[in-house]
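Below is one structure, written out as structure tokens, with a few remarks after it.
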There are 2 protein chains.
Amino acid sequence: MSDFYKDLESQKKGSQSSLDTALDSLKFNSDGLIPAIAQQHDSGEVLMMAWMNRAAIEETLQTKQVCYWSRSRNNYWRKGESSGNQQRLKSMSTDCDGDTLLLKVEQLGAACHTGRRDCFYNEISDQGLEISSDPIQDPNQLYKKQ
Amino acid sequence: MSDFYKDLESQKKGSQSSLDTALDSLKFNSDGLIPAIAQQHDSGEVLMMAWMNRAAIEETLQTKQVCYWSRSRNNYWRKGESSGNQQRLKSMSTDCDGDTLLLKVEQLGAACHTGRRDCFYNEISDQGLEISSDPIQDPNQLYKKQ
């Protein structure tokens with residue numbers, strides 16, 4: 001296993017490496033996937049977390065439209081393909097050990113399939129769970145087949 | 001498998017459930033872990049992503065000091081125990097399908113073991129990788145053994 005990301009820890013701001021080495025050195029799990037957090041670039045809202053494989057990362061960098069890997073459908077998941085609620089990539093980064101991605105995006109409409117702006121609406125405290133937001137779009141309209 | 005989180009999708013803001021049911025219904029992976037994103041509660045910075053088991057979640061809710069499960073050390077990881085850079089929990093939520101947690105926290109000092117404020121300092125674009133920040137604390141001082 002390469003120690004590429006370990007070696008970067010002591011590098012200064014502005015230090016550069018090749019894209020191929022950076023992607024080759026990411027720590028994908030045993031299914032070839034890496035978790036990707038999507039954050040609205042200007043407001044800072046954390047919208048959702050999903051998974052990418054290497055090809056999805058490359059496509060996203062090229063097209064600037066976020067493409068995940070759907071574990072339930074076992075296929076590429078081009079965000080917004082059915083709903084129209086695309087995520088345009090503003091920037092991508094990986095963490096210190098190269099096993100998580102952070103995508104800063106421009107989210108059109110609702111990020112969540114429930115029609116809510118983001119997926120993290122189930123607030124949990126020592127008192128229990130409470131739903132913290134309502135949909136901003138009708139989910140039945142979002143995925144209406146023509 | 002419970003459809004608890006599926007059933008919550010159509011519930012309105014303010015709807016409540018018991019803590020036990022909420023935690024029992026989380027979708028832990030085959031190692032009993034769930035990914036947890038830590039976000040600075042006021043600035044919105046995404047600080048890091050780590051993993052929790054059920055006991056770590058319960059401890060975090062009780063003590064309000066974030067406790068993860070370290071996959072490399074195979075043990076509880078009480079954030080800031082050695083460095084002093086604790087994370088105080090402000091709120092916790094789970095996403096629509098109950099397989100990811102978002103922790104809003106008050107982060108003391110650097111969240112990253114490299115001494116950087118957050119872990120996502122390896123910016124990746126179609127041009128390659130570039131380090132986007134420098135440490136705010138000296139990592140050699142952070143983990144200095146007395």
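By order of appearance in the structure tokens: chains A, B, ..., then residues from 1 within every chain, and ligands from 1 in the order shown.
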Can I have chain B aligned to chain A? Use a least-squares fit on all Cα atoms paired in order and write it out as a short mmCIF file (atom, residue, chain, number, x, y, z; two decimals) with N, CA and C atoms, in the first residue's frame.
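Contents of part17.cif, freshly written:
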```
data_model
loop_
_atom_site.label_atom_id
_atom_site.label_comp_id
_atom_site.auth_asym_id
_atom_site.auth_seq_id
_atom_site.Cartn_x
_atom_site.Cartn_y
_atom_site.Cartn_z
N MET B 1 0.90 -1.22 -0.04
CA MET B 1 0.05 -0.02 -0.03
C MET B 1 0.93 1.23 -0.01
N SER B 2 0.60 2.14 -0.88
CA SER B 2 1.34 3.40 -0.97
C SER B 2 1.14 4.24 0.28
N ASP B 3 2.18 4.95 0.65
CA ASP B 3 2.06 5.91 1.75
C ASP B 3 1.93 7.34 1.23
N PHE B 4 1.39 7.45 0.03
CA PHE B 4 1.29 8.75 -0.64
C PHE B 4 0.63 9.80 0.26
N TYR B 5 -0.53 9.50 0.83
CA TYR B 5 -1.23 10.51 1.64
C TYR B 5 -0.50 10.79 2.95
N LYS B 6 0.13 9.75 3.50
CA LYS B 6 0.96 9.95 4.69
C LYS B 6 2.10 10.93 4.38
N ASP B 7 2.73 10.74 3.22
CA ASP B 7 3.84 11.62 2.82
C ASP B 7 3.38 13.06 2.60
N LEU B 8 2.13 13.24 2.19
CA LEU B 8 1.62 14.60 1.95
C LEU B 8 1.37 15.38 3.24
N GLU B 9 1.24 14.66 4.36
CA GLU B 9 0.85 15.32 5.62
C GLU B 9 1.77 16.49 5.98
N SER B 10 3.07 16.33 5.67
CA SER B 10 4.03 17.37 6.06
C SER B 10 4.30 18.36 4.93
N GLN B 11 3.60 18.21 3.81
CA GLN B 11 3.78 19.15 2.69
C GLN B 11 3.06 20.46 2.97
N LYS B 12 3.60 21.52 2.38
CA LYS B 12 3.02 22.84 2.62
C LYS B 12 1.90 23.16 1.62
N LYS B 13 1.06 24.10 2.00
CA LYS B 13 0.01 24.62 1.13
C LYS B 13 0.58 24.97 -0.24
N GLY B 14 -0.08 24.55 -1.30
CA GLY B 14 0.38 24.85 -2.66
C GLY B 14 1.15 23.71 -3.29
N SER B 15 1.58 22.75 -2.48
CA SER B 15 2.32 21.59 -2.99
C SER B 15 1.42 20.76 -3.91
N GLN B 16 1.97 20.30 -5.04
CA GLN B 16 1.15 19.64 -6.07
C GLN B 16 1.59 18.22 -6.38
N SER B 17 0.65 17.39 -6.79
CA SER B 17 0.93 16.02 -7.23
C SER B 17 0.04 15.72 -8.43
N SER B 18 0.35 14.63 -9.13
CA SER B 18 -0.42 14.30 -10.33
C SER B 18 -1.77 13.69 -9.97
N LEU B 19 -2.74 13.89 -10.86
CA LEU B 19 -4.08 13.36 -10.62
C LEU B 19 -4.06 11.84 -10.55
N ASP B 20 -3.35 11.20 -11.45
CA ASP B 20 -3.30 9.74 -11.45
C ASP B 20 -2.79 9.18 -10.12
N THR B 21 -1.71 9.75 -9.62
CA THR B 21 -1.16 9.27 -8.34
C THR B 21 -2.17 9.50 -7.22
N ALA B 22 -2.80 10.68 -7.22
CA ALA B 22 -3.78 10.99 -6.18
C ALA B 22 -4.94 9.99 -6.20
N LEU B 23 -5.45 9.67 -7.38
CA LEU B 23 -6.59 8.75 -7.47
C LEU B 23 -6.15 7.30 -7.21
N ASP B 24 -4.97 6.94 -7.73
CA ASP B 24 -4.46 5.57 -7.48
C ASP B 24 -4.26 5.31 -5.99
N SER B 25 -3.97 6.38 -5.23
CA SER B 25 -3.63 6.21 -3.82
C SER B 25 -4.82 6.33 -2.89
N LEU B 26 -5.99 6.67 -3.42
CA LEU B 26 -7.19 6.74 -2.56
C LEU B 26 -7.45 5.37 -1.96
N LYS B 27 -7.96 5.36 -0.74
CA LYS B 27 -8.24 4.08 -0.07
C LYS B 27 -9.70 3.68 -0.28
N PHE B 28 -9.95 3.01 -1.39
CA PHE B 28 -11.28 2.48 -1.66
C PHE B 28 -11.51 1.27 -0.74
N ASN B 29 -12.78 1.03 -0.40
CA ASN B 29 -13.08 -0.15 0.44
C ASN B 29 -13.05 -1.42 -0.41
N SER B 30 -13.41 -2.54 0.19
CA SER B 30 -13.28 -3.83 -0.51
C SER B 30 -14.23 -3.92 -1.70
N ASP B 31 -15.24 -3.02 -1.76
CA ASP B 31 -16.13 -2.97 -2.93
C ASP B 31 -15.64 -1.94 -3.96
N GLY B 32 -14.46 -1.35 -3.72
CA GLY B 32 -13.94 -0.36 -4.66
C GLY B 32 -14.61 0.99 -4.52
N LEU B 33 -15.17 1.27 -3.35
CA LEU B 33 -15.93 2.51 -3.15
C LEU B 33 -15.31 3.37 -2.05
N ILE B 34 -15.58 4.67 -2.14
CA ILE B 34 -15.11 5.63 -1.13
C ILE B 34 -16.30 6.54 -0.79
N PRO B 35 -16.50 6.85 0.50
CA PRO B 35 -17.61 7.74 0.85
C PRO B 35 -17.35 9.17 0.39
N ALA B 36 -18.41 9.83 -0.09
CA ALA B 36 -18.31 11.21 -0.57
C ALA B 36 -19.39 12.04 0.10
N ILE B 37 -18.96 13.07 0.81
CA ILE B 37 -19.87 14.00 1.49
C ILE B 37 -20.15 15.15 0.53
N ALA B 38 -21.43 15.47 0.32
CA ALA B 38 -21.77 16.61 -0.54
C ALA B 38 -22.20 17.78 0.33
N GLN B 39 -21.54 18.91 0.13
CA GLN B 39 -21.81 20.12 0.92
C GLN B 39 -22.15 21.28 -0.03
N GLN B 40 -23.21 22.01 0.26
CA GLN B 40 -23.53 23.20 -0.54
C GLN B 40 -22.38 24.20 -0.37
N HIS B 41 -21.79 24.62 -1.48
CA HIS B 41 -20.51 25.35 -1.43
C HIS B 41 -20.59 26.69 -0.70
N ASP B 42 -21.72 27.40 -0.79
CA ASP B 42 -21.77 28.73 -0.19
C ASP B 42 -22.38 28.74 1.21
N SER B 43 -23.45 27.99 1.43
CA SER B 43 -24.11 28.01 2.75
C SER B 43 -23.44 27.07 3.75
N GLY B 44 -22.70 26.07 3.25
CA GLY B 44 -22.05 25.11 4.14
C GLY B 44 -22.94 23.96 4.58
N GLU B 45 -24.22 23.95 4.15
CA GLU B 45 -25.11 22.83 4.52
C GLU B 45 -24.51 21.50 4.05
N VAL B 46 -24.49 20.51 4.94
CA VAL B 46 -24.14 19.16 4.51
C VAL B 46 -25.41 18.53 3.95
N LEU B 47 -25.38 18.20 2.66
CA LEU B 47 -26.59 17.79 1.95
C LEU B 47 -26.85 16.30 2.05
N MET B 48 -25.80 15.47 1.88
CA MET B 48 -25.96 14.02 1.80
C MET B 48 -24.60 13.36 1.84
N MET B 49 -24.59 12.05 1.99
CA MET B 49 -23.37 11.27 1.86
C MET B 49 -23.69 10.10 0.95
N ALA B 50 -22.84 9.85 -0.03
CA ALA B 50 -23.04 8.71 -0.92
C ALA B 50 -21.67 8.13 -1.25
N TRP B 51 -21.60 7.25 -2.23
CA TRP B 51 -20.36 6.52 -2.51
C TRP B 51 -19.94 6.72 -3.95
N MET B 52 -18.64 6.70 -4.18
CA MET B 52 -18.10 6.81 -5.54
C MET B 52 -17.08 5.71 -5.78
N ASN B 53 -16.99 5.25 -7.03
CA ASN B 53 -15.83 4.44 -7.41
C ASN B 53 -14.88 5.32 -8.23
N ARG B 54 -13.78 4.77 -8.67
CA ARG B 54 -12.80 5.62 -9.35
C ARG B 54 -13.38 6.23 -10.62
N ALA B 55 -14.14 5.45 -11.38
CA ALA B 55 -14.69 5.97 -12.63
C ALA B 55 -15.69 7.10 -12.37
N ALA B 56 -16.47 6.99 -11.30
CA ALA B 56 -17.42 8.05 -10.94
C ALA B 56 -16.68 9.33 -10.57
N ILE B 57 -15.56 9.19 -9.88
CA ILE B 57 -14.75 10.37 -9.54
C ILE B 57 -14.22 11.04 -10.82
N GLU B 58 -13.69 10.22 -11.72
CA GLU B 58 -13.12 10.78 -12.96
C GLU B 58 -14.19 11.47 -13.80
N GLU B 59 -15.36 10.82 -13.89
CA GLU B 59 -16.45 11.44 -14.65
C GLU B 59 -16.86 12.78 -14.03
N THR B 60 -16.96 12.79 -12.69
CA THR B 60 -17.36 14.01 -11.97
C THR B 60 -16.36 15.14 -12.21
N LEU B 61 -15.07 14.81 -12.17
CA LEU B 61 -14.04 15.84 -12.40
C LEU B 61 -14.11 16.37 -13.83
N GLN B 62 -14.44 15.49 -14.77
CA GLN B 62 -14.47 15.90 -16.18
C GLN B 62 -15.72 16.71 -16.51
N THR B 63 -16.88 16.22 -16.04
CA THR B 63 -18.15 16.84 -16.46
C THR B 63 -18.60 17.94 -15.51
N LYS B 64 -18.07 17.93 -14.28
CA LYS B 64 -18.48 18.85 -13.21
C LYS B 64 -19.92 18.61 -12.77
N GLN B 65 -20.52 17.51 -13.20
CA GLN B 65 -21.83 17.09 -12.69
C GLN B 65 -21.57 15.85 -11.85
N VAL B 66 -22.04 15.88 -10.58
CA VAL B 66 -21.66 14.80 -9.66
C VAL B 66 -22.30 13.48 -10.03
N CYS B 67 -21.45 12.46 -10.12
CA CYS B 67 -21.86 11.08 -10.42
C CYS B 67 -21.41 10.18 -9.28
N TYR B 68 -22.35 9.50 -8.63
CA TYR B 68 -22.03 8.55 -7.55
C TYR B 68 -22.13 7.13 -8.09
N TRP B 69 -21.85 6.16 -7.20
CA TRP B 69 -22.14 4.76 -7.47
C TRP B 69 -23.27 4.36 -6.52
N SER B 70 -24.39 3.91 -7.07
CA SER B 70 -25.51 3.49 -6.23
C SER B 70 -25.29 2.05 -5.79
N ARG B 71 -25.17 1.85 -4.47
CA ARG B 71 -24.98 0.49 -3.95
C ARG B 71 -26.26 -0.32 -4.07
N SER B 72 -27.43 0.33 -3.98
CA SER B 72 -28.68 -0.43 -4.06
C SER B 72 -29.00 -0.82 -5.50
N ARG B 73 -28.68 0.05 -6.46
CA ARG B 73 -28.98 -0.26 -7.86
C ARG B 73 -27.77 -0.87 -8.57
N ASN B 74 -26.60 -0.86 -7.88
CA ASN B 74 -25.37 -1.41 -8.44
C ASN B 74 -25.07 -0.80 -9.82
N ASN B 75 -25.14 0.53 -9.85
CA ASN B 75 -24.94 1.20 -11.13
C ASN B 75 -24.53 2.66 -10.86
N TYR B 76 -24.07 3.35 -11.92
CA TYR B 76 -23.77 4.77 -11.79
C TYR B 76 -25.05 5.52 -11.45
N TRP B 77 -24.88 6.54 -10.63
CA TRP B 77 -26.01 7.33 -10.18
C TRP B 77 -25.66 8.78 -10.46
N ARG B 78 -26.13 9.25 -11.62
CA ARG B 78 -25.86 10.64 -12.01
C ARG B 78 -26.93 11.50 -11.34
N LYS B 79 -26.52 12.13 -10.27
CA LYS B 79 -27.43 12.86 -9.39
C LYS B 79 -28.28 13.86 -10.18
N GLY B 80 -29.59 13.72 -10.04
CA GLY B 80 -30.50 14.63 -10.72
C GLY B 80 -30.97 14.13 -12.07
N GLU B 81 -30.49 12.94 -12.46
CA GLU B 81 -30.84 12.41 -13.79
C GLU B 81 -32.36 12.25 -13.93
N SER B 82 -33.02 11.72 -12.87
CA SER B 82 -34.48 11.61 -12.97
C SER B 82 -35.19 12.82 -12.39
N SER B 83 -34.65 13.40 -11.31
CA SER B 83 -35.37 14.49 -10.62
C SER B 83 -35.06 15.86 -11.21
N GLY B 84 -33.94 15.98 -11.93
CA GLY B 84 -33.52 17.30 -12.39
C GLY B 84 -32.70 18.05 -11.35
N ASN B 85 -32.64 17.52 -10.12
CA ASN B 85 -31.92 18.20 -9.04
C ASN B 85 -30.44 17.83 -9.06
N GLN B 86 -29.74 18.37 -10.05
CA GLN B 86 -28.33 18.04 -10.22
C GLN B 86 -27.44 18.71 -9.17
N GLN B 87 -26.24 18.16 -9.05
CA GLN B 87 -25.20 18.77 -8.22
C GLN B 87 -24.05 19.17 -9.13
N ARG B 88 -23.78 20.46 -9.23
CA ARG B 88 -22.64 20.92 -10.01
C ARG B 88 -21.43 21.02 -9.10
N LEU B 89 -20.35 20.38 -9.51
CA LEU B 89 -19.14 20.35 -8.67
C LEU B 89 -18.43 21.69 -8.65
N LYS B 90 -18.17 22.19 -7.45
CA LYS B 90 -17.37 23.41 -7.30
C LYS B 90 -15.93 23.03 -6.94
N SER B 91 -15.77 22.07 -6.02
CA SER B 91 -14.42 21.59 -5.69
C SER B 91 -14.53 20.23 -5.00
N MET B 92 -13.44 19.48 -5.08
CA MET B 92 -13.37 18.15 -4.47
C MET B 92 -12.09 18.06 -3.65
N SER B 93 -12.19 17.45 -2.48
CA SER B 93 -10.96 17.23 -1.71
C SER B 93 -11.04 15.90 -1.00
N THR B 94 -9.88 15.38 -0.65
CA THR B 94 -9.85 14.16 0.15
C THR B 94 -9.18 14.46 1.48
N ASP B 95 -9.43 13.60 2.45
CA ASP B 95 -8.92 13.87 3.79
C ASP B 95 -7.50 13.34 3.95
N CYS B 96 -6.96 13.54 5.15
CA CYS B 96 -5.55 13.25 5.44
C CYS B 96 -5.15 11.83 5.08
N ASP B 97 -6.02 10.87 5.32
CA ASP B 97 -5.63 9.49 5.01
C ASP B 97 -6.22 8.97 3.69
N GLY B 98 -6.86 9.84 2.94
CA GLY B 98 -7.27 9.46 1.58
C GLY B 98 -8.39 8.43 1.54
N ASP B 99 -9.26 8.44 2.56
CA ASP B 99 -10.34 7.46 2.53
C ASP B 99 -11.75 8.07 2.56
N THR B 100 -11.83 9.39 2.39
CA THR B 100 -13.13 10.07 2.33
C THR B 100 -13.00 11.27 1.39
N LEU B 101 -14.05 11.55 0.63
CA LEU B 101 -14.07 12.73 -0.24
C LEU B 101 -15.06 13.75 0.28
N LEU B 102 -14.74 15.03 0.09
CA LEU B 102 -15.67 16.11 0.35
C LEU B 102 -15.91 16.84 -0.96
N LEU B 103 -17.17 16.89 -1.39
CA LEU B 103 -17.54 17.57 -2.62
C LEU B 103 -18.26 18.86 -2.27
N LYS B 104 -17.74 19.99 -2.71
CA LYS B 104 -18.50 21.24 -2.56
C LYS B 104 -19.25 21.44 -3.86
N VAL B 105 -20.57 21.61 -3.73
CA VAL B 105 -21.43 21.58 -4.90
C VAL B 105 -22.43 22.74 -4.90
N GLU B 106 -22.99 22.98 -6.08
CA GLU B 106 -24.16 23.84 -6.21
C GLU B 106 -25.33 22.89 -6.41
N GLN B 107 -26.17 22.77 -5.38
CA GLN B 107 -27.29 21.83 -5.42
C GLN B 107 -28.53 22.52 -5.97
N LEU B 108 -29.10 21.98 -7.03
CA LEU B 108 -30.37 22.48 -7.54
C LEU B 108 -31.50 21.83 -6.75
N GLY B 109 -32.38 22.62 -6.16
CA GLY B 109 -33.55 22.09 -5.46
C GLY B 109 -33.19 21.21 -4.29
N ALA B 110 -33.99 20.17 -4.11
CA ALA B 110 -33.83 19.25 -2.98
C ALA B 110 -32.73 18.24 -3.27
N ALA B 111 -31.84 18.02 -2.30
CA ALA B 111 -30.83 16.97 -2.46
C ALA B 111 -31.42 15.61 -2.09
N CYS B 112 -32.42 15.60 -1.22
CA CYS B 112 -32.95 14.34 -0.68
C CYS B 112 -34.13 13.83 -1.52
N HIS B 113 -34.21 12.51 -1.66
CA HIS B 113 -35.29 11.92 -2.46
C HIS B 113 -36.66 12.12 -1.80
N THR B 114 -36.66 12.54 -0.52
CA THR B 114 -37.93 12.83 0.16
C THR B 114 -38.44 14.22 -0.20
N GLY B 115 -37.64 14.99 -0.97
CA GLY B 115 -38.01 16.36 -1.32
C GLY B 115 -37.48 17.38 -0.34
N ARG B 116 -36.79 16.89 0.70
CA ARG B 116 -36.18 17.83 1.64
C ARG B 116 -34.87 18.36 1.05
N ARG B 117 -34.50 19.55 1.48
CA ARG B 117 -33.28 20.17 0.98
C ARG B 117 -32.06 19.27 1.22
N ASP B 118 -31.94 18.69 2.42
CA ASP B 118 -30.83 17.78 2.71
C ASP B 118 -31.36 16.53 3.38
N CYS B 119 -30.51 15.52 3.48
CA CYS B 119 -30.94 14.21 3.98
C CYS B 119 -30.90 14.09 5.51
N PHE B 120 -30.29 15.05 6.19
CA PHE B 120 -30.04 14.88 7.63
C PHE B 120 -31.14 15.52 8.47
N TYR B 121 -32.36 15.07 8.28
CA TYR B 121 -33.51 15.68 8.95
C TYR B 121 -34.00 14.89 10.16
N ASN B 122 -33.33 13.78 10.49
CA ASN B 122 -33.71 12.99 11.66
C ASN B 122 -32.78 13.35 12.82
N GLU B 123 -33.19 14.32 13.62
CA GLU B 123 -32.34 14.79 14.71
C GLU B 123 -32.44 13.83 15.89
N ILE B 124 -31.27 13.45 16.42
CA ILE B 124 -31.21 12.47 17.51
C ILE B 124 -30.57 13.12 18.73
N SER B 125 -31.26 13.03 19.87
CA SER B 125 -30.68 13.51 21.12
C SER B 125 -30.94 12.47 22.18
N ASP B 126 -30.49 12.73 23.41
CA ASP B 126 -30.76 11.74 24.47
C ASP B 126 -32.26 11.68 24.80
N GLN B 127 -33.04 12.60 24.23
CA GLN B 127 -34.50 12.58 24.42
C GLN B 127 -35.22 11.75 23.35
N GLY B 128 -34.51 11.38 22.28
CA GLY B 128 -35.16 10.62 21.20
C GLY B 128 -34.91 11.25 19.85
N LEU B 129 -35.73 10.86 18.88
CA LEU B 129 -35.58 11.36 17.51
C LEU B 129 -36.69 12.36 17.21
N GLU B 130 -36.34 13.42 16.49
CA GLU B 130 -37.35 14.38 16.05
C GLU B 130 -37.05 14.82 14.62
N ILE B 131 -38.08 14.82 13.78
CA ILE B 131 -37.93 15.26 12.40
C ILE B 131 -37.73 16.78 12.40
N SER B 132 -36.67 17.25 11.75
CA SER B 132 -36.32 18.67 11.86
C SER B 132 -36.63 19.50 10.63
N SER B 133 -37.13 18.89 9.56
CA SER B 133 -37.50 19.71 8.39
C SER B 133 -38.58 19.04 7.56
N ASP B 134 -39.25 19.85 6.77
CA ASP B 134 -40.28 19.38 5.84
C ASP B 134 -39.76 19.49 4.41
N PRO B 135 -40.36 18.75 3.49
CA PRO B 135 -39.96 18.84 2.08
C PRO B 135 -40.08 20.26 1.52
N ILE B 136 -39.18 20.59 0.60
CA ILE B 136 -39.30 21.86 -0.15
C ILE B 136 -39.85 21.58 -1.56
N GLN B 137 -39.90 20.30 -1.93
CA GLN B 137 -40.50 19.88 -3.21
C GLN B 137 -41.31 18.62 -2.93
N ASP B 138 -42.37 18.43 -3.70
CA ASP B 138 -43.21 17.24 -3.54
C ASP B 138 -42.49 16.04 -4.16
N PRO B 139 -42.14 15.03 -3.35
CA PRO B 139 -41.38 13.90 -3.89
C PRO B 139 -42.14 13.16 -4.99
N ASN B 140 -43.47 13.19 -4.95
CA ASN B 140 -44.25 12.52 -6.00
C ASN B 140 -44.11 13.24 -7.35
N GLN B 141 -43.90 14.54 -7.29
CA GLN B 141 -43.68 15.30 -8.52
C GLN B 141 -42.24 15.14 -9.01
N LEU B 142 -41.31 15.05 -8.02
CA LEU B 142 -39.87 14.95 -8.36
C LEU B 142 -39.58 13.78 -9.28
N TYR B 143 -40.20 12.64 -8.97
CA TYR B 143 -39.86 11.42 -9.70
C TYR B 143 -40.99 10.95 -10.60
N LYS B 144 -41.88 11.88 -10.93
CA LYS B 144 -43.02 11.56 -11.79
C LYS B 144 -42.50 11.13 -13.16
N LYS B 145 -42.92 9.98 -13.60
CA LYS B 145 -42.51 9.50 -14.93
C LYS B 145 -43.40 10.13 -15.99
N GLN B 146 -42.78 10.60 -17.04
CA GLN B 146 -43.54 11.19 -18.16
C GLN B 146 -43.98 10.09 -19.11
#
```
What residues in chain B get the DSSP label strand (DSSP E)? Please answer as a PyMOL selection string.
-> chain B and resi 16-17+34-40+46-52+67-70+75-78+87-94+101-107+122-125+128-131
In range 42-146 of chain A, DSSP helix (DSSP H, G or I) residues written as number ranges by chain | A: 54-63, 139-142
Atoms to include: N, CA, C and O atoms. Write the selected residues as an mmCIF file, in the first residue's frame.
```cif
data_model
loop_
_atom_site.group_PDB
_atom_site.id
_atom_site.type_symbol
_atom_site.label_atom_id
_atom_site.label_comp_id
_atom_site.auth_asym_id
_atom_site.auth_seq_id
_atom_site.Cartn_x
_atom_site.Cartn_y
_atom_site.Cartn_z
ATOM 1 N N ARG A 54 -13.781 4.773 -8.672
ATOM 2 C CA ARG A 54 -12.806 5.622 -9.351
ATOM 3 C C ARG A 54 -13.377 6.241 -10.628
ATOM 4 O O ARG A 54 -13.145 7.421 -10.921
ATOM 5 N N ALA A 55 -14.135 5.452 -11.384
ATOM 6 C CA ALA A 55 -14.694 5.974 -12.635
ATOM 7 C C ALA A 55 -15.686 7.106 -12.368
ATOM 8 O O ALA A 55 -15.751 8.077 -13.134
ATOM 9 N N ALA A 56 -16.451 6.998 -11.300
ATOM 10 C CA ALA A 56 -17.411 8.062 -10.948
ATOM 11 C C ALA A 56 -16.674 9.351 -10.573
ATOM 12 O O ALA A 56 -17.101 10.452 -10.935
ATOM 13 N N ILE A 57 -15.555 9.202 -9.875
ATOM 14 C CA ILE A 57 -14.738 10.380 -9.527
ATOM 15 C C ILE A 57 -14.221 11.043 -10.802
ATOM 16 O O ILE A 57 -14.313 12.261 -10.979
ATOM 17 N N GLU A 58 -13.682 10.226 -11.720
ATOM 18 C CA GLU A 58 -13.113 10.782 -12.958
ATOM 19 C C GLU A 58 -14.190 11.478 -13.788
ATOM 20 O O GLU A 58 -13.978 12.581 -14.302
ATOM 21 N N GLU A 59 -15.357 10.835 -13.900
ATOM 22 C CA GLU A 59 -16.452 11.452 -14.656
ATOM 23 C C GLU A 59 -16.856 12.787 -14.029
ATOM 24 O O GLU A 59 -17.073 13.778 -14.726
ATOM 25 N N THR A 60 -16.944 12.802 -12.688
ATOM 26 C CA THR A 60 -17.353 14.019 -11.981
ATOM 27 C C THR A 60 -16.349 15.149 -12.198
ATOM 28 O O THR A 60 -16.732 16.305 -12.421
ATOM 29 N N LEU A 61 -15.055 14.824 -12.167
ATOM 30 C CA LEU A 61 -14.030 15.846 -12.392
ATOM 31 C C LEU A 61 -14.092 16.380 -13.821
ATOM 32 O O LEU A 61 -13.846 17.560 -14.070
ATOM 33 N N GLN A 62 -14.432 15.487 -14.765
ATOM 34 C CA GLN A 62 -14.466 15.904 -16.171
ATOM 35 C C GLN A 62 -15.706 16.713 -16.500
ATOM 36 O O GLN A 62 -15.635 17.754 -17.162
ATOM 37 N N THR A 63 -16.877 16.218 -16.052
ATOM 38 C CA THR A 63 -18.141 16.842 -16.461
ATOM 39 C C THR A 63 -18.578 17.948 -15.514
ATOM 40 O O THR A 63 -19.436 18.755 -15.874
ATOM 41 N N PRO A 139 -42.134 15.035 -3.341
ATOM 42 C CA PRO A 139 -41.380 13.899 -3.887
ATOM 43 C C PRO A 139 -42.138 13.148 -4.985
ATOM 44 O O PRO A 139 -41.522 12.565 -5.873
ATOM 45 N N ASN A 140 -43.479 13.197 -4.926
ATOM 46 C CA ASN A 140 -44.260 12.519 -5.982
ATOM 47 C C ASN A 140 -44.123 13.231 -7.318
ATOM 48 O O ASN A 140 -44.202 12.611 -8.379
ATOM 49 N N GLN A 141 -43.899 14.542 -7.266
ATOM 50 C CA GLN A 141 -43.685 15.296 -8.505
ATOM 51 C C GLN A 141 -42.236 15.131 -8.994
ATOM 52 O O GLN A 141 -41.991 15.066 -10.191
ATOM 53 N N LEU A 142 -41.302 15.032 -8.024
ATOM 54 C CA LEU A 142 -39.884 14.929 -8.365
ATOM 55 C C LEU A 142 -39.598 13.750 -9.280
ATOM 56 O O LEU A 142 -38.788 13.837 -10.191
#
```
